[in-house]
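This is structure23.cif (mmCIF, C-alpha atoms).
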data_query
loop_
_atom_site.group_PDB
_atom_site.id
_atom_site.type_symbol
_atom_site.label_atom_id
_atom_site.label_comp_id
_atom_site.auth_asym_id
_atom_site.auth_seq_id
_atom_site.Cartn_x
_atom_site.Cartn_y
_atom_site.Cartn_z
ATOM 1 C CA MET A 1 47.138 25.599 -12.982
ATOM 2 C CA SER A 2 44.854 24.559 -10.137
ATOM 3 C CA ASN A 3 45.947 22.068 -7.481
ATOM 4 C CA ASP A 4 43.331 19.600 -8.731
ATOM 5 C CA ALA A 5 44.745 19.685 -12.258
ATOM 6 C CA ARG A 6 48.318 19.431 -11.009
ATOM 7 C CA ASP A 7 47.590 16.576 -8.571
ATOM 8 C CA ARG A 8 45.501 14.657 -11.105
ATOM 9 C CA PHE A 9 47.726 11.988 -12.559
ATOM 10 C CA GLU A 10 45.712 9.676 -14.714
ATOM 11 C CA ILE A 11 47.084 6.901 -16.815
ATOM 12 C CA PRO A 12 44.716 5.693 -19.541
ATOM 13 C CA LYS A 13 43.052 2.406 -18.655
ATOM 14 C CA GLU A 14 44.572 0.601 -21.656
ATOM 15 C CA VAL A 15 48.090 1.793 -20.808
ATOM 16 C CA ARG A 16 47.640 0.823 -17.159
ATOM 17 C CA SER A 17 46.393 -2.661 -18.154
ATOM 18 C CA MET A 18 49.291 -3.126 -20.544
ATOM 19 C CA ALA A 19 51.794 -1.994 -17.894
ATOM 20 C CA GLU A 20 50.297 -4.294 -15.271
ATOM 21 C CA ALA A 21 50.480 -7.220 -17.688
ATOM 22 C CA SER A 22 54.094 -6.323 -18.473
ATOM 23 C CA PHE A 23 55.003 -6.259 -14.782
ATOM 24 C CA GLU A 24 53.292 -9.595 -14.235
ATOM 25 C CA GLN A 25 55.219 -11.081 -17.165
ATOM 26 C CA ALA A 26 58.473 -9.593 -15.820
ATOM 27 C CA ARG A 27 57.758 -11.081 -12.394
ATOM 28 C CA LYS A 28 57.075 -14.541 -13.893
ATOM 29 C CA THR A 29 60.231 -14.335 -16.005
ATOM 30 C CA PHE A 30 62.247 -13.332 -12.934
ATOM 31 C CA GLU A 31 60.843 -16.249 -10.936
ATOM 32 C CA LYS A 32 61.755 -18.686 -13.732
ATOM 33 C CA PHE A 33 65.259 -17.202 -13.945
ATOM 34 C CA LEU A 34 65.626 -17.436 -10.180
ATOM 35 C CA ALA A 35 64.560 -21.099 -10.108
ATOM 36 C CA SER A 36 67.000 -21.914 -12.897
ATOM 37 C CA ALA A 37 69.848 -20.034 -11.208
ATOM 38 C CA GLN A 38 69.197 -21.772 -7.903
ATOM 39 C CA GLU A 39 69.189 -25.146 -9.631
ATOM 40 C CA THR A 40 72.469 -24.313 -11.361
ATOM 41 C CA ALA A 41 74.003 -23.092 -8.116
ATOM 42 C CA GLY A 42 72.938 -26.308 -6.392
ATOM 43 C CA THR A 43 74.480 -28.406 -9.148
ATOM 44 C CA MET A 44 77.744 -26.461 -8.946
ATOM 45 C CA GLU A 45 77.861 -26.945 -5.173
ATOM 46 C CA GLU A 46 77.325 -30.678 -5.517
ATOM 47 C CA ARG A 47 80.119 -30.994 -8.101
ATOM 48 C CA GLY A 48 82.595 -28.707 -6.407
ATOM 49 C CA ALA A 49 83.756 -30.632 -3.362
ATOM 50 C CA THR A 50 86.458 -28.019 -2.797
ATOM 51 C CA VAL A 51 84.015 -25.121 -2.383
ATOM 52 C CA ARG A 52 84.492 -23.766 1.101
ATOM 53 C CA ALA A 53 81.569 -23.249 3.441
ATOM 54 C CA GLY A 54 82.414 -19.540 3.778
ATOM 55 C CA ALA A 55 82.238 -18.964 0.037
ATOM 56 C CA LYS A 56 78.931 -20.804 -0.050
ATOM 57 C CA ASP A 57 77.524 -18.580 2.705
ATOM 58 C CA ILE A 58 78.700 -15.440 0.918
ATOM 59 C CA SER A 59 77.267 -16.428 -2.444
ATOM 60 C CA SER A 60 74.031 -17.612 -0.863
ATOM 61 C CA LYS A 61 73.568 -14.318 0.988
ATOM 62 C CA ALA A 62 74.491 -12.249 -2.070
ATOM 63 C CA PHE A 63 71.959 -14.172 -4.147
ATOM 64 C CA SER A 64 69.309 -13.677 -1.475
ATOM 65 C CA TYR A 65 70.016 -9.944 -1.317
ATOM 66 C CA ALA A 66 69.819 -9.609 -5.092
ATOM 67 C CA GLU A 67 66.516 -11.481 -5.110
ATOM 68 C CA ASN A 68 65.029 -9.311 -2.358
ATOM 69 C CA ASN A 69 66.238 -6.076 -3.965
ATOM 70 C CA LEU A 70 64.873 -7.018 -7.366
ATOM 71 C CA LYS A 71 61.516 -8.009 -5.891
ATOM 72 C CA ALA A 72 61.360 -4.679 -4.036
ATOM 73 C CA SER A 73 62.124 -2.832 -7.273
ATOM 74 C CA LEU A 74 59.427 -4.728 -9.170
ATOM 75 C CA ASP A 75 56.911 -4.055 -6.394
ATOM 76 C CA TYR A 76 57.849 -0.363 -6.426
ATOM 77 C CA ALA A 77 57.507 -0.075 -10.203
ATOM 78 C CA GLU A 78 54.161 -1.836 -10.082
ATOM 79 C CA SER A 79 52.911 0.509 -7.348
ATOM 80 C CA LEU A 80 53.965 3.524 -9.436
ATOM 81 C CA VAL A 81 51.856 2.288 -12.336
ATOM 82 C CA LYS A 82 48.846 2.156 -10.021
ATOM 83 C CA ALA A 83 49.471 5.614 -8.475
ATOM 84 C CA LYS A 84 46.508 7.951 -8.732
ATOM 85 C CA ASP A 85 48.274 11.306 -8.376
ATOM 86 C CA VAL A 86 51.646 13.007 -8.030
ATOM 87 C CA SER A 87 51.507 13.100 -4.238
ATOM 88 C CA GLU A 88 51.045 9.314 -4.178
ATOM 89 C CA VAL A 89 54.022 8.913 -6.531
ATOM 90 C CA MET A 90 56.142 11.057 -4.192
ATOM 91 C CA ARG A 91 54.990 9.092 -1.125
ATOM 92 C CA LEU A 92 55.729 5.759 -2.827
ATOM 93 C CA HIS A 93 59.156 6.981 -3.914
ATOM 94 C CA SER A 94 60.018 8.168 -0.413
ATOM 95 C CA GLU A 95 58.907 4.855 1.128
ATOM 96 C CA TYR A 96 60.862 2.873 -1.462
ATOM 97 C CA VAL A 97 64.088 4.844 -0.986
ATOM 98 C CA GLN A 98 63.862 4.667 2.801
ATOM 99 C CA GLY A 99 63.149 0.934 2.708
ATOM 100 C CA GLN A 100 66.030 0.277 0.320
ATOM 101 C CA MET A 101 68.448 2.309 2.455
ATOM 102 C CA ARG A 102 67.467 0.270 5.532
ATOM 103 C CA ALA A 103 67.773 -2.977 3.579
ATOM 104 C CA LEU A 104 71.173 -2.051 2.147
ATOM 105 C CA ALA A 105 72.511 -1.076 5.580
ATOM 106 C CA GLN A 106 71.340 -4.391 7.030
ATOM 107 C CA GLN A 107 72.726 -6.325 4.064
ATOM 108 C CA ALA A 108 76.120 -4.627 4.349
ATOM 109 C CA SER A 109 76.290 -5.385 8.058
ATOM 110 C CA GLU A 110 75.344 -9.041 7.577
ATOM 111 C CA MET A 111 77.747 -9.468 4.659
ATOM 112 C CA GLY A 112 80.553 -7.943 6.727
ATOM 113 C CA GLN A 113 79.901 -10.482 9.468
ATOM 114 C CA ILE A 114 79.812 -13.386 7.022
ATOM 115 C CA VAL A 115 83.021 -12.291 5.275
ATOM 116 C CA GLY A 116 84.720 -11.808 8.658
ATOM 117 C CA ARG A 117 83.722 -15.305 9.790
ATOM 118 C CA ALA A 118 84.860 -16.801 6.477
ATOM 119 C CA ALA A 119 88.220 -15.030 6.773
ATOM 120 C CA MET A 120 88.687 -16.229 10.353
ATOM 121 C CA ASP A 121 87.793 -19.789 9.328
ATOM 122 C CA ALA A 122 90.273 -19.606 6.443
ATOM 123 C CA ILE A 123 93.194 -18.659 8.688
ATOM 124 C CA LYS A 124 92.439 -21.142 11.494
ATOM 125 C CA PRO A 125 95.179 -23.755 11.763
ATOM 126 C CA LYS A 126 94.059 -27.192 10.626
ATOM 127 C CA SER A 127 94.090 -29.776 13.409
#

Write-out of the structure in structure tokens:
Amino acid sequence: MSNDARDRFEIPKEVRSMAEASFEQARKTFEKFLASAQETAGTMEERGATVRAGAKDISSKAFSYAENNLKASLDYAESLVKAKDVSEVMRLHSEYVQGQMRALAQQASEMGQIVGRAAMDAIKPKS
């Protein structure tokens, strides 16, 4: 098999169009879900006067991380659909994995700091 035949990675135009439409629909559905979840979270925070600031920070950050990670995954999947050959697929995969590893390391560090602050605030004597 020649390199040209091996590197040629064509997706039929109809399949590509259908996949792009599916990703767009998934993105719109995710955005609607996210708006609804944020509204619900806001309502719960308003009603729960006993919710501690530390717990709010933790849940807010976790929600933000989940949103960012899901968006990155959707962007990655969409870019794979548009890939023109196997080498582009490999490059996109490598970039995605490296980016996610950096993001996860940063998220873990930030979450550790937030949890540490919340724990310290929880054990502070009340004046």

> Near Glu24 of chain A, counting only C-alpha atoms, which residues have an atom at most 12 Å away, once you skip same-chain residues fewer than 4 positions from it, shown as a ChimeraX atom specification?
Replying inline: /A:17-20,28-31,71,74-75,77-78

Preceding selection exported with C-alpha atoms as an mmCIF file, in the frame of the given file:
data_model
loop_
_atom_site.group_PDB
_atom_site.id
_atom_site.type_symbol
_atom_site.label_atom_id
_atom_site.label_comp_id
_atom_site.auth_asym_id
_atom_site.auth_seq_id
_atom_site.Cartn_x
_atom_site.Cartn_y
_atom_site.Cartn_z
ATOM 1 C CA SER A 17 46.393 -2.661 -18.154
ATOM 2 C CA MET A 18 49.291 -3.126 -20.544
ATOM 3 C CA ALA A 19 51.794 -1.994 -17.894
ATOM 4 C CA GLU A 20 50.297 -4.294 -15.271
ATOM 5 C CA LYS A 28 57.075 -14.541 -13.893
ATOM 6 C CA THR A 29 60.231 -14.335 -16.005
ATOM 7 C CA PHE A 30 62.247 -13.332 -12.934
ATOM 8 C CA GLU A 31 60.843 -16.249 -10.936
ATOM 9 C CA LYS A 71 61.516 -8.009 -5.891
ATOM 10 C CA LEU A 74 59.427 -4.728 -9.170
ATOM 11 C CA ASP A 75 56.911 -4.055 -6.394
ATOM 12 C CA ALA A 77 57.507 -0.075 -10.203
ATOM 13 C CA GLU A 78 54.161 -1.836 -10.082
#

> Hey, which of A:Val81, A:Ala72, A:Ile123, A:Ala37 ends up closest to Gln98 of chain A? Count all atoms listed in the file.
Replying inline: A:Ala72

>> Just the number, please: distance in Å from atom CA of Asp85 of chain A to atom CA of Glu10 of chain A, one decimal.
In response: 7.0 Å

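Residue neighbourhood of Leu104 of chain A, excluding near-sequence residues (fewer than 5 positions): Tyr65, Asn69, Gly99 and Ser109 of chain A, at 9 Å, using all atoms listed in the file.
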
> So what does the PyMOL selection byres ((chain A and resi 89) around 12) actually pick up in this one, as a ChimeraX atom specification?
Replying inline: /A:7-10,76-88,90-96

> To one decimal place, how far is atom CA of Ala55 of chain A from atom CA of Asp121 of chain A in Å?
Replying inline: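 Calculated distance between atom CA of Ala55 of chain A and atom CA of Asp121 of chain A is 10.9 Å.
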
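Our summary of the geometry notes that atom CA of Met101 of chain A is positioned 20.8 Å from atom CA of Val115 of chain A.
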
>> Evaluate the PyMOL selection byres ((chain A and resi 118) around 12) against this structure - the residues, as JSON, numbers by chain, please.
In response: {"A": [52, 53, 54, 55, 56, 57, 58, 59, 111, 112, 113, 114, 115, 116, 117, 119, 120, 121, 122, 123, 124]}

> Between A:Val97, A:Leu34, A:Ala105, A:Val15, which has the minimum distance to Ser64 of chain A (counting only C-alpha atoms)?
Replying inline: A:Leu34

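Distances here use all atoms listed in the file; by that measure, the residue among A:Gln100, A:Ser73, A:Asn68, A:Thr40 closest to Ala26 of chain A is A:Ser73.
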
>> From the options A:Ala21, A:Phe33, A:Glu39, A:Glu110, which residue's atoms come nearest to Glu67 of chain A, counting only C-alpha atoms?
In response: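 Residue with the minimum atom-to-atom distance to Glu67 of chain A: A:Phe33.
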